[in-house]
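*Asks:* Input file: upload13.csv. Contents: CSV, C-alpha atoms.
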chain,number,residue,atom,x,y,z
O,1,MET,CA,72.4,153.8,76.4
O,2,LYS,CA,72.6,154.9,80.0
O,3,HIS,CA,72.8,151.2,81.1
O,4,ALA,CA,75.7,150.6,78.7
O,5,PHE,CA,77.5,153.7,79.9
O,6,ALA,CA,77.1,152.6,83.5
O,7,ILE,CA,78.6,149.1,82.7
O,8,LEU,CA,81.5,150.8,80.9
O,9,VAL,CA,82.2,153.0,83.9
O,10,CYS,CA,82.1,150.1,86.3
O,11,LEU,CA,84.5,148.0,84.1
O,12,THR,CA,86.9,151.0,83.9
O,13,PHE,CA,86.8,151.5,87.6
O,14,THR,CA,87.4,147.8,88.3
O,15,ALA,CA,90.3,147.7,85.8
O,16,ALA,CA,91.9,150.8,87.4
O,17,PHE,CA,92.0,149.2,90.8
O,18,ALA,CA,92.8,145.6,89.7
O,19,LYS,CA,96.2,144.3,90.8
O,20,ASP,CA,98.6,142.8,88.3
O,21,LYS,CA,99.4,139.1,89.0
O,22,VAL,CA,102.9,137.6,89.5
O,23,LYS,CA,103.6,133.9,89.8
O,24,ALA,CA,105.4,132.9,93.0
O,25,SER,CA,107.5,130.5,91.0
O,26,ASP,CA,108.8,133.4,88.9
O,27,ILE,CA,109.9,135.1,92.1
O,28,ILE,CA,111.8,132.0,93.1
O,29,LYS,CA,113.5,132.0,89.7
O,30,GLN,CA,114.6,135.6,90.3
O,31,ILE,CA,116.1,134.8,93.6
O,32,ASN,CA,118.0,131.8,92.2
O,33,LYS,CA,119.4,134.1,89.5
O,34,GLY,CA,120.7,136.5,92.2
O,35,GLN,CA,118.2,139.2,91.2
O,36,ALA,CA,116.8,141.5,93.9
O,37,VAL,CA,113.0,141.2,94.2
O,38,GLU,CA,110.8,144.3,94.4
O,39,TYR,CA,107.1,144.3,93.7
O,40,ALA,CA,104.4,146.8,94.6
O,41,ASN,CA,100.6,146.5,94.3
O,42,VAL,CA,100.5,143.0,92.8
O,43,GLU,CA,98.9,139.7,93.6
O,44,ILE,CA,101.3,136.8,94.1
O,45,GLU,CA,99.8,133.6,92.7
O,46,GLY,CA,100.8,130.2,94.1
O,47,ASP,CA,102.8,129.3,97.2
O,48,LEU,CA,105.9,131.4,97.7
O,49,ASP,CA,108.3,128.8,99.0
O,50,PHE,CA,111.6,130.4,100.1
O,51,THR,CA,112.9,127.0,101.2
O,52,ASN,CA,112.8,125.8,97.6
O,53,LEU,CA,116.0,127.4,96.4
O,54,GLU,CA,118.9,126.0,94.4
O,55,ASN,CA,121.3,126.7,97.3
O,56,GLU,CA,119.4,124.5,99.7
O,57,ARG,CA,121.8,122.4,101.8
O,58,GLN,CA,121.4,119.9,104.6
O,59,VAL,CA,122.7,121.5,107.8
O,60,GLY,CA,122.2,118.8,110.3
O,61,ASN,CA,119.7,117.2,112.6
O,62,TRP,CA,119.5,120.0,115.2
O,63,VAL,CA,115.8,120.6,115.4
O,64,THR,CA,114.9,117.3,117.1
O,65,SER,CA,116.8,114.1,117.7
O,66,PHE,CA,114.4,112.3,115.4
O,67,ASP,CA,115.1,114.4,112.3
O,68,ASN,CA,116.5,112.7,109.3
O,69,GLY,CA,117.7,116.1,108.2
O,70,THR,CA,117.3,119.9,108.4
O,71,TYR,CA,117.6,121.6,105.1
O,72,ARG,CA,118.4,125.3,104.8
O,73,SER,CA,118.0,127.7,101.9
O,74,LYS,CA,119.5,131.2,101.9
O,75,VAL,CA,117.7,134.2,100.4
O,76,GLU,CA,120.8,136.1,99.4
O,77,VAL,CA,119.1,139.0,97.7
O,78,ALA,CA,116.9,141.7,99.2
O,79,VAL,CA,113.1,141.1,98.9
O,80,LYS,CA,110.7,144.0,99.0
O,81,PHE,CA,106.9,143.7,98.7
O,82,THR,CA,104.7,146.7,99.1
O,83,GLU,CA,100.9,146.6,99.2
O,84,CYS,CA,100.9,143.1,97.7
O,85,ILE,CA,98.5,140.2,98.3
O,86,PHE,CA,99.8,136.7,98.8
O,87,LEU,CA,97.1,134.4,97.5
O,88,GLY,CA,98.9,131.2,98.5
O,89,ASP,CA,101.2,130.2,101.4
O,90,VAL,CA,104.3,132.1,102.2
O,91,LEU,CA,106.8,129.5,103.4
O,92,ALA,CA,110.2,130.0,105.1
O,93,TYR,CA,109.6,126.8,107.1
O,94,TYR,CA,107.9,123.5,106.7
O,95,ASN,CA,108.1,120.1,108.1
O,96,ILE,CA,107.5,116.7,106.5
O,97,PRO,CA,106.4,114.5,109.4
O,98,ARG,CA,106.5,111.2,107.5
O,99,LYS,CA,110.1,111.8,106.5
O,100,HIS,CA,111.1,113.7,109.7
O,101,GLU,CA,112.5,116.4,107.5
O,102,THR,CA,112.6,120.1,108.3
O,103,HIS,CA,113.1,122.8,105.6
O,104,ILE,CA,113.9,126.4,106.6
O,105,ALA,CA,115.0,129.7,104.9
O,106,HIS,CA,117.2,132.5,106.2
O,107,PHE,CA,117.1,136.0,104.8
O,108,GLU,CA,120.6,137.3,104.4
O,109,LYS,CA,119.5,140.8,103.3
O,110,ASP,CA,116.4,143.0,103.8
O,111,ALA,CA,113.1,141.3,104.0
O,112,ILE,CA,110.4,143.9,103.6
O,113,PHE,CA,106.7,143.0,103.5
O,114,LYS,CA,105.0,146.4,104.0
O,115,ASN,CA,101.2,146.8,103.9
O,116,CYS,CA,100.8,143.3,102.5
O,117,THR,CA,98.0,140.8,103.0
O,118,PHE,CA,98.8,137.2,103.7
O,119,GLN,CA,95.7,135.3,102.7
O,120,LYS,CA,96.9,131.9,103.8
O,121,ALA,CA,99.7,130.4,105.9
O,122,SER,CA,102.8,132.5,106.8
O,123,GLU,CA,105.6,130.3,108.1
O,124,PHE,CA,108.8,132.0,109.4
O,125,LYS,CA,109.7,129.5,112.1
O,126,TYR,CA,113.4,129.2,112.7
O,127,SER,CA,114.1,131.9,110.1
O,128,GLU,CA,117.0,134.3,110.6
O,129,PHE,CA,116.6,137.9,109.4
O,130,ASN,CA,120.1,139.4,108.9
O,131,GLY,CA,118.9,142.6,107.4
O,132,VAL,CA,115.9,144.8,107.9
O,133,ALA,CA,112.7,142.9,108.7
O,134,ASN,CA,109.6,145.0,108.0
O,135,PHE,CA,106.1,143.7,108.3
O,136,GLU,CA,104.6,147.0,109.1
O,137,GLY,CA,100.9,147.4,108.2
O,138,CYS,CA,100.5,143.8,107.1
O,139,VAL,CA,97.4,141.7,107.6
O,140,PHE,CA,97.8,138.0,108.5
O,141,ASN,CA,94.5,136.2,107.9
O,142,GLU,CA,95.9,132.9,109.2
O,143,ALA,CA,98.1,132.5,112.3
O,144,ALA,CA,101.5,134.0,111.7
O,145,ASN,CA,104.3,131.7,112.8
O,146,PHE,CA,107.6,133.3,113.9
O,147,LYS,CA,108.5,130.8,116.6
O,148,TYR,CA,112.3,130.6,117.2
O,149,ALA,CA,112.9,133.4,114.6
O,150,GLN,CA,116.0,135.5,115.0
O,151,PHE,CA,116.3,139.1,114.1
O,152,SER,CA,119.6,141.0,113.7
O,153,ASN,CA,117.7,144.4,113.7
O,154,GLY,CA,114.6,145.4,115.5
O,155,PRO,CA,111.7,144.2,113.4
O,156,LEU,CA,108.7,146.4,112.6
O,157,PHE,CA,105.2,145.0,113.2
O,158,ALA,CA,103.6,148.4,113.7
O,159,ASN,CA,99.9,148.7,112.6
O,160,THR,CA,100.0,145.0,111.8
O,161,LYS,CA,96.8,142.9,112.1
O,162,PHE,CA,97.0,139.3,113.2
O,163,GLU,CA,93.5,138.1,112.5
O,164,SER,CA,94.0,134.5,113.7
O,165,GLY,CA,96.8,135.0,116.3
O,166,ALA,CA,100.5,134.8,116.1
O,167,ASP,CA,103.3,132.6,117.5
O,168,PHE,CA,106.5,134.3,118.7
O,169,LYS,CA,107.3,131.7,121.2
O,170,TYR,CA,111.0,131.4,122.1
O,171,THR,CA,111.8,134.3,119.7
O,172,LYS,CA,114.6,136.7,120.7
O,173,PHE,CA,113.9,140.4,119.8
O,174,PRO,CA,116.7,142.9,119.6
O,175,ARG,CA,116.5,146.6,120.4
O,176,GLU,CA,114.1,148.9,118.6
O,177,THR,CA,111.4,146.3,118.0
O,178,SER,CA,108.0,147.8,117.3
O,179,PHE,CA,104.5,146.4,117.7
O,180,GLU,CA,103.0,149.9,117.9
O,181,LYS,CA,99.2,149.8,117.3
O,182,ALA,CA,99.4,146.1,116.3
O,183,THR,CA,96.2,144.2,116.7
O,184,PHE,CA,96.1,140.5,117.8
O,185,HIS,CA,92.9,138.4,117.4
O,186,GLY,CA,93.2,134.8,118.6
O,187,LEU,CA,96.2,133.8,120.7
O,188,ALA,CA,99.2,136.1,120.9
O,189,ASN,CA,101.8,133.6,122.0
O,190,PHE,CA,104.9,135.3,123.4
O,191,LYS,CA,105.8,132.5,125.9
O,192,TYR,CA,109.5,132.3,126.6
O,193,THR,CA,110.2,135.3,124.3
O,194,LYS,CA,113.0,137.7,125.2
O,195,PHE,CA,112.9,141.4,124.4
O,196,ARG,CA,115.4,144.2,124.8
O,197,SER,CA,114.5,147.8,125.4
O,198,PRO,CA,113.7,150.2,123.9
O,199,LEU,CA,110.5,148.3,122.8
O,200,ASN,CA,107.6,150.1,121.3
O,201,MET,CA,104.2,148.6,122.4
O,202,LYS,CA,102.2,151.8,122.3
O,203,GLY,CA,98.6,151.2,121.4
O,204,VAL,CA,98.9,147.5,120.9
O,205,ALA,CA,95.5,145.7,121.2
O,206,PHE,CA,95.0,142.1,122.4
O,207,GLU,CA,91.5,141.3,121.2
O,208,GLY,CA,91.9,137.6,121.9
O,209,SER,CA,94.0,135.8,124.4
O,210,GLU,CA,97.7,136.3,125.1
O,211,ASP,CA,100.5,134.3,126.8
O,212,PHE,CA,103.4,136.1,128.3
O,213,LYS,CA,104.5,133.3,130.6
O,214,TYR,CA,108.3,133.4,131.2
O,215,THR,CA,108.6,136.4,128.8
O,216,ARG,CA,111.4,138.7,129.8
O,217,ILE,CA,112.6,142.2,128.8
O,218,ASP,CA,116.2,143.0,129.6
O,219,GLY,CA,116.2,140.0,131.9
O,220,LYS,CA,113.2,141.2,133.9
O,221,SER,CA,109.5,140.4,134.2
O,222,PHE,CA,107.6,141.4,131.0
O,223,THR,CA,104.3,141.4,132.9
O,224,SER,CA,105.6,144.2,135.1
O,225,TYR,CA,106.8,146.1,132.0
O,226,LEU,CA,103.3,145.9,130.5
O,227,VAL,CA,101.7,147.2,133.7
O,228,ARG,CA,104.1,150.1,133.9
O,229,ASN,CA,103.7,151.0,130.2
If you convert what's in this file into C-alpha coordinates, what do you get?
*Replies:*
Amino acid sequence: MKHAFAILVCLTFTAAFAKDKVKASDIIKQINKGQAVEYANVEIEGDLDFTNLENERQVGNWVTSFDNGTYRSKVEVAVKFTECIFLGDVLAYYNIPRKHETHIAHFEKDAIFKNCTFQKASEFKYSEFNGVANFEGCVFNEAANFKYAQFSNGPLFANTKFESGADFKYTKFPRETSFEKATFHGLANFKYTKFRSPLNMKGVAFEGSEDFKYTRIDGKSFTSYLVRN
(Lines of atoms letter the chains of each structure in order from A and count residues from 1; the text may use other names and numbers.)
(Lines give C-alpha, C1' and ligand atoms only; values in the text may rest on other atoms or scores of the structure.)
Protein backbone atom coordinates (compact mmCIF):
# COMPACT_ATOMS: atom_id res chain seq x y z
CA MET A 1 0.00 0.00 0.00
CA LYS A 2 2.80 2.39 0.91
CA HIS A 3 4.59 1.52 -2.34
CA ALA A 4 1.46 2.29 -4.40
CA PHE A 5 0.98 5.58 -2.54
CA ALA A 6 4.59 6.57 -3.24
CA ILE A 7 4.11 5.88 -6.95
CA LEU A 8 0.92 7.96 -6.98
CA VAL A 9 2.67 10.88 -5.29
CA CYS A 10 5.54 10.65 -7.77
CA LEU A 11 3.20 10.64 -10.77
CA THR A 12 1.22 13.57 -9.36
CA PHE A 13 4.43 15.54 -8.76
CA THR A 14 5.65 14.81 -12.31
CA ALA A 15 2.33 15.82 -13.87
CA ALA A 16 2.26 19.05 -11.87
CA PHE A 17 5.59 20.14 -13.29
CA ALA A 18 5.24 18.75 -16.82
CA LYS A 19 5.04 21.35 -19.55
CA ASP A 20 2.28 21.38 -22.14
CA LYS A 21 3.45 20.82 -25.70
CA VAL A 22 2.84 23.03 -28.71
CA LYS A 23 3.73 22.22 -32.29
CA ALA A 24 6.04 24.71 -33.97
CA SER A 25 3.98 24.36 -37.15
CA ASP A 26 0.89 25.59 -35.28
CA ILE A 27 2.78 28.71 -34.21
CA ILE A 28 3.69 29.43 -37.82
CA LYS A 29 0.00 29.04 -38.74
CA GLN A 30 -0.88 31.65 -36.10
CA ILE A 31 1.64 34.09 -37.54
CA ASN A 32 0.33 33.54 -41.07
CA LYS A 33 -3.18 34.33 -39.80
CA GLY A 34 -1.95 37.60 -38.28
CA GLN A 35 -2.49 36.38 -34.71
CA ALA A 36 -0.11 37.51 -31.97
CA VAL A 37 1.86 34.65 -30.41
CA GLU A 38 2.10 34.31 -26.63
CA TYR A 39 3.09 31.14 -24.78
CA ALA A 40 4.36 30.49 -21.28
CA ASN A 41 5.78 27.34 -19.70
CA VAL A 42 5.33 25.10 -22.75
CA GLU A 43 7.57 22.89 -24.85
CA ILE A 44 7.76 23.73 -28.55
CA GLU A 45 7.96 20.59 -30.65
CA GLY A 46 9.62 20.60 -34.07
CA ASP A 47 11.68 23.28 -35.79
CA LEU A 48 10.27 26.79 -35.37
CA ASP A 49 11.10 28.22 -38.79
CA PHE A 50 10.26 31.93 -38.98
CA THR A 51 11.59 32.05 -42.55
CA ASN A 52 8.77 29.78 -43.71
CA LEU A 53 5.97 32.32 -43.81
CA GLU A 54 3.36 32.97 -46.48
CA ASN A 55 4.68 36.51 -46.99
CA GLU A 56 8.16 35.30 -47.97
CA ARG A 57 9.51 37.27 -50.91
CA GLN A 58 12.74 37.32 -52.87
CA VAL A 59 14.57 40.54 -52.03
CA GLY A 60 17.72 40.25 -54.10
CA ASN A 61 21.18 38.76 -54.15
CA TRP A 62 22.73 41.07 -51.59
CA VAL A 63 24.35 38.53 -49.24
CA THR A 64 27.00 37.32 -51.69
CA SER A 65 27.55 37.77 -55.40
CA PHE A 66 27.07 34.03 -55.87
CA ASP A 67 23.55 33.89 -54.41
CA ASN A 68 20.70 32.81 -56.62
CA GLY A 69 18.43 34.65 -54.27
CA THR A 70 17.80 35.97 -50.79
CA TYR A 71 14.30 35.37 -49.49
CA ARG A 72 12.82 37.34 -46.61
CA SER A 73 9.85 36.61 -44.38
CA LYS A 74 8.36 39.24 -42.08
CA VAL A 75 7.01 38.32 -38.66
CA GLU A 76 4.36 41.02 -38.55
CA VAL A 77 2.90 40.11 -35.15
CA ALA A 78 4.41 40.23 -31.68
CA VAL A 79 5.86 36.97 -30.43
CA LYS A 80 6.28 36.32 -26.73
CA PHE A 81 7.66 33.16 -25.15
CA THR A 82 8.20 32.94 -21.39
CA GLU A 83 9.88 29.97 -19.69
CA CYS A 84 9.45 27.85 -22.81
CA ILE A 85 11.68 25.06 -24.07
CA PHE A 86 12.41 24.87 -27.79
CA LEU A 87 13.06 21.21 -28.52
CA GLY A 88 13.95 21.78 -32.18
CA ASP A 89 15.83 24.46 -34.10
CA VAL A 90 14.70 28.09 -33.93
CA LEU A 91 15.39 29.54 -37.36
CA ALA A 92 15.28 33.12 -38.57
CA TYR A 93 18.09 32.32 -41.01
CA TYR A 94 19.29 29.41 -43.05
CA ASN A 95 21.31 28.89 -46.19
CA ILE A 96 21.00 26.18 -48.84
CA PRO A 97 24.56 25.86 -50.20
CA ARG A 98 23.72 23.66 -53.18
CA LYS A 99 21.11 26.19 -54.38
CA HIS A 100 23.04 29.28 -53.22
CA GLU A 101 19.86 30.45 -51.50
CA THR A 102 19.59 32.41 -48.26
CA HIS A 103 16.39 32.64 -46.23
CA ILE A 104 15.99 35.22 -43.46
CA ALA A 105 13.25 36.56 -41.19
CA HIS A 106 12.71 40.04 -39.79
CA PHE A 107 10.68 40.79 -36.66
CA GLU A 108 8.50 43.83 -37.23
CA LYS A 109 7.13 43.92 -33.66
CA ASP A 110 8.28 42.70 -30.24
CA ALA A 111 10.29 39.48 -30.15
CA ILE A 112 10.40 38.28 -26.55
CA PHE A 113 12.08 35.04 -25.51
CA LYS A 114 12.36 35.41 -21.75
CA ASN A 115 13.80 32.66 -19.53
CA CYS A 116 13.58 30.20 -22.41
CA THR A 117 15.82 27.25 -23.25
CA PHE A 118 17.04 26.69 -26.78
CA GLN A 119 17.94 23.01 -26.91
CA LYS A 120 19.26 23.07 -30.47
CA ALA A 121 20.24 25.65 -33.09
CA SER A 122 19.25 29.29 -32.75
CA GLU A 123 19.83 31.20 -35.97
CA PHE A 124 19.13 34.95 -36.10
CA LYS A 125 21.81 35.91 -38.62
CA TYR A 126 20.84 39.00 -40.68
CA SER A 127 17.62 39.39 -38.69
CA GLU A 128 16.19 42.83 -38.02
CA PHE A 129 14.42 43.41 -34.71
CA ASN A 130 12.21 46.47 -35.08
CA GLY A 131 10.48 46.16 -31.72
CA VAL A 132 11.64 44.99 -28.31
CA ALA A 133 14.21 42.19 -28.46
CA ASN A 134 14.35 40.36 -25.15
CA PHE A 135 16.42 37.20 -24.56
CA GLU A 136 16.83 37.80 -20.85
CA GLY A 137 17.53 34.73 -18.74
CA CYS A 138 17.68 32.37 -21.71
CA VAL A 139 19.89 29.32 -22.06
CA PHE A 140 21.39 28.59 -25.47
CA ASN A 141 22.69 25.03 -25.46
CA GLU A 142 24.17 25.33 -28.96
CA ALA A 143 26.03 28.34 -30.34
CA ALA A 144 23.73 31.34 -30.74
CA ASN A 145 24.06 33.07 -34.09
CA PHE A 146 23.25 36.80 -34.19
CA LYS A 147 25.85 37.71 -36.82
CA TYR A 148 24.90 40.86 -38.78
CA ALA A 149 21.70 41.23 -36.71
CA GLN A 150 20.21 44.72 -36.40
CA PHE A 151 18.33 46.03 -33.37
CA SER A 152 16.16 49.15 -33.30
CA ASN A 153 16.07 49.06 -29.49
CA GLY A 154 18.72 47.99 -27.02
CA PRO A 155 18.33 44.19 -26.76
CA LEU A 156 18.32 42.43 -23.41
CA PHE A 157 20.67 39.48 -22.84
CA ALA A 158 20.92 39.89 -19.07
CA ASN A 159 21.48 36.64 -17.12
CA THR A 160 21.63 34.73 -20.39
CA LYS A 161 23.80 31.62 -20.62
CA PHE A 162 25.57 30.83 -23.88
CA GLU A 163 26.67 27.25 -23.23
CA SER A 164 28.43 26.77 -26.58
CA GLY A 165 29.41 30.33 -27.42
CA ALA A 166 27.76 33.05 -29.44
CA ASP A 167 28.42 34.91 -32.68
CA PHE A 168 27.65 38.65 -32.69
CA LYS A 169 30.21 39.45 -35.37
CA TYR A 170 29.42 42.63 -37.37
CA THR A 171 26.33 43.29 -35.25
CA LYS A 172 25.40 46.89 -34.48
CA PHE A 173 23.97 47.44 -31.01
CA PRO A 174 22.01 50.59 -30.12
CA ARG A 175 21.90 52.34 -26.76
CA GLU A 176 20.71 50.51 -23.64
CA THR A 177 21.99 47.09 -24.67
CA SER A 178 22.39 44.80 -21.68
CA PHE A 179 24.58 41.72 -21.18
CA GLU A 180 24.50 42.09 -17.39
CA LYS A 181 25.53 38.84 -15.68
CA ALA A 182 25.52 36.95 -18.97
CA THR A 183 27.78 33.89 -19.12
CA PHE A 184 29.67 32.84 -22.22
CA HIS A 185 31.12 29.35 -22.57
CA GLY A 186 32.97 28.61 -25.78
CA LEU A 187 33.80 31.48 -28.13
CA ALA A 188 32.15 34.86 -27.60
CA ASN A 189 32.69 36.42 -31.01
CA PHE A 190 32.19 40.18 -31.02
CA LYS A 191 34.68 40.89 -33.81
CA TYR A 192 33.82 44.07 -35.78
CA THR A 193 30.81 44.66 -33.52
CA LYS A 194 29.74 48.24 -32.78
CA PHE A 195 28.22 49.33 -29.47
CA ARG A 196 26.74 52.60 -28.27
CA SER A 197 26.73 53.75 -24.66
CA PRO A 198 25.18 53.33 -22.23
CA LEU A 199 26.03 49.64 -22.33
CA ASN A 200 25.47 47.31 -19.39
CA MET A 201 28.21 44.67 -19.10
CA LYS A 202 28.15 44.39 -15.29
CA GLY A 203 29.03 40.95 -14.03
CA VAL A 204 29.43 39.41 -17.49
CA ALA A 205 31.54 36.21 -17.39
CA PHE A 206 33.68 34.92 -20.25
CA GLU A 207 34.35 31.32 -19.29
CA GLY A 208 35.73 30.36 -22.71
CA SER A 209 37.50 32.53 -25.25
CA GLU A 210 36.44 35.89 -26.59
CA ASP A 211 37.23 37.98 -29.66
CA PHE A 212 36.83 41.75 -29.47
CA LYS A 213 39.15 42.52 -32.38
CA TYR A 214 38.07 45.73 -34.13
CA THR A 215 35.10 46.06 -31.73
CA ARG A 216 34.15 49.68 -31.04
CA ILE A 217 31.95 51.59 -28.62
CA ASP A 218 30.96 55.12 -29.58
CA GLY A 219 33.70 54.87 -32.20
CA LYS A 220 36.41 54.15 -29.62
CA SER A 221 38.34 51.09 -28.52
CA PHE A 222 36.15 48.51 -26.82
CA THR A 223 39.13 46.87 -25.13
CA SER A 224 39.86 50.12 -23.32
CA TYR A 225 36.21 50.29 -22.31
CA LEU A 226 36.35 46.81 -20.76
CA VAL A 227 39.50 47.69 -18.82
CA ARG A 228 37.90 50.85 -17.44
CA ASN A 229 34.68 49.10 -16.49
*Asks:* Within 10 Å of segment 183-199 of chain O, which residues of segment 58-146 of chain O show up? Give each one with its shortest atom-to-atom distance in Å (one decimal) and the two atoms involved, counting only C-alpha atoms, rows by chain then rising residue number, as JSON lines.
*Replies:*
{"residue": "O:Val139", "atom": "CA", "partner": "O:Thr183", "partner_atom": "CA", "distance": 9.5}
{"residue": "O:Phe140", "atom": "CA", "partner": "O:Phe184", "partner_atom": "CA", "distance": 9.8}
{"residue": "O:Asn141", "atom": "CA", "partner": "O:His185", "partner_atom": "CA", "distance": 9.9}
{"residue": "O:Glu142", "atom": "CA", "partner": "O:Gly186", "partner_atom": "CA", "distance": 10.0}
{"residue": "O:Ala143", "atom": "CA", "partner": "O:Gly186", "partner_atom": "CA", "distance": 8.3}
{"residue": "O:Ala144", "atom": "CA", "partner": "O:Ala188", "partner_atom": "CA", "distance": 9.7}
{"residue": "O:Asn145", "atom": "CA", "partner": "O:Asn189", "partner_atom": "CA", "distance": 9.7}
{"residue": "O:Phe146", "atom": "CA", "partner": "O:Asn189", "partner_atom": "CA", "distance": 10.0}
*Asks:* Go through O:Ile27, O:Ala182, O:Phe212, O:Ile96 one by one, measure the shortest atom-to-atom distance of each to Ser224 of chain O using all atoms listed in the file, and give the residue with the smallest value.
*Replies:*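 Of the candidates, the smallest distance to Ser224 of chain O is held by O:Phe212.
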*Asks:* Using only C-alpha atoms, I'd like a table of the residues in segment 154-203 of chain O that come within 12 Å of segment 111-123 of chain O; for each, show the closest atom pair and its distance in Å rounded to one decimal, ordered by chain and ascending number, as a tab-separated table.
*Replies:*
residue	atom	partner	partner_atom	distance
O:Pro155	CA	O:Ile112	CA	9.9
O:Leu156	CA	O:Lys114	CA	9.4
O:Phe157	CA	O:Lys114	CA	9.3
O:Ala158	CA	O:Lys114	CA	10.0
O:Asn159	CA	O:Asn115	CA	9.0
O:Thr160	CA	O:Asn115	CA	8.2
O:Lys161	CA	O:Thr117	CA	9.4
O:Phe162	CA	O:Phe118	CA	9.9
O:Glu163	CA	O:Phe118	CA	10.3
O:Ser164	CA	O:Ala121	CA	10.5
O:Gly165	CA	O:Ser122	CA	11.5
O:Ala166	CA	O:Ser122	CA	9.9
O:Asp167	CA	O:Glu123	CA	9.9
O:Phe168	CA	O:Glu123	CA	11.4
*Asks:* Store the residues picked out above, limited to C-alpha atoms, as an mmCIF file, in the frame of the given file.
*Replies:*
data_model
loop_
_atom_site.group_PDB
_atom_site.id
_atom_site.type_symbol
_atom_site.label_atom_id
_atom_site.label_comp_id
_atom_site.auth_asym_id
_atom_site.auth_seq_id
_atom_site.Cartn_x
_atom_site.Cartn_y
_atom_site.Cartn_z
ATOM 1 C CA PRO O 155 111.700 144.200 113.400
ATOM 2 C CA LEU O 156 108.700 146.400 112.600
ATOM 3 C CA PHE O 157 105.200 145.000 113.200
ATOM 4 C CA ALA O 158 103.600 148.400 113.700
ATOM 5 C CA ASN O 159 99.900 148.700 112.600
ATOM 6 C CA THR O 160 100.000 145.000 111.800
ATOM 7 C CA LYS O 161 96.800 142.900 112.100
ATOM 8 C CA PHE O 162 97.000 139.300 113.200
ATOM 9 C CA GLU O 163 93.500 138.100 112.500
ATOM 10 C CA SER O 164 94.000 134.500 113.700
ATOM 11 C CA GLY O 165 96.800 135.000 116.300
ATOM 12 C CA ALA O 166 100.500 134.800 116.100
ATOM 13 C CA ASP O 167 103.300 132.600 117.500
ATOM 14 C CA PHE O 168 106.500 134.300 118.700
#
*Asks:* Neighbouring residues of Gly34 of chain O were defined as those with any atom within 8 Å, considering only C-alpha atoms; residues of the same chain fewer than 2 positions away were excluded. Please report them as an MDAnalysis selection string.
*Replies:* chainID O and resid 30:32 36 76:77
*Asks:* Can you pull out the residues contacting Glu43 of chain O? Cut-off 10 Å, using only C-alpha atoms, and skip same-chain residues under 6 positions away; I want them as a VMD selection string.
*Replies:* chain O and resid 18 to 24 83 to 88 116 to 117
*Asks:* Which residue, O:Arg216, O:Lys147, O:Arg228, O:Lys74, has the smallest gap to Thr171 of chain O when you use only C-alpha atoms?
*Replies:* O:Lys147
*Asks:* What is the atom CA of Met201 of chain O to atom CA of Phe222 of chain O distance in Å?
*Replies:*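 Taking atom CA of Met201 of chain O as the start and atom CA of Phe222 of chain O as the end point, the length is 11.7 Å.
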*Asks:* Which of these, O:Glu54, O:Thr82, O:Asp26, O:Val59, has the shortest distance to Val42 of chain O once you count only C-alpha atoms?
*Replies:*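 Distance minimum relative to Val42 of chain O lands on O:Thr82.
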*Asks:* Using Å and a single decimal, report how far atom CA of Thr215 of chain O sits from atom CA of Asn229 of chain O.
*Replies:*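 According to the coordinates, atom CA of Asn229 of chain O and atom CA of Thr215 of chain O are separated by 15.5 Å.
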*Asks:* At what distance in Å, to one decimal, does atom CA of Gln150 of chain O lie from atom CA of Ile28 of chain O?
*Replies:*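 Going from atom CA of Ile28 of chain O over to atom CA of Gln150 of chain O covers 22.6 Å.
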*Asks:* From (111.2, 119.5, 109.3), in the file's coordinates, out to 8 Å: which residues are reached, counting all atoms listed in the file? Answer as a PyMOL selection string.
*Replies:* chain O and resi 63+67+69-71+93-97+100-104
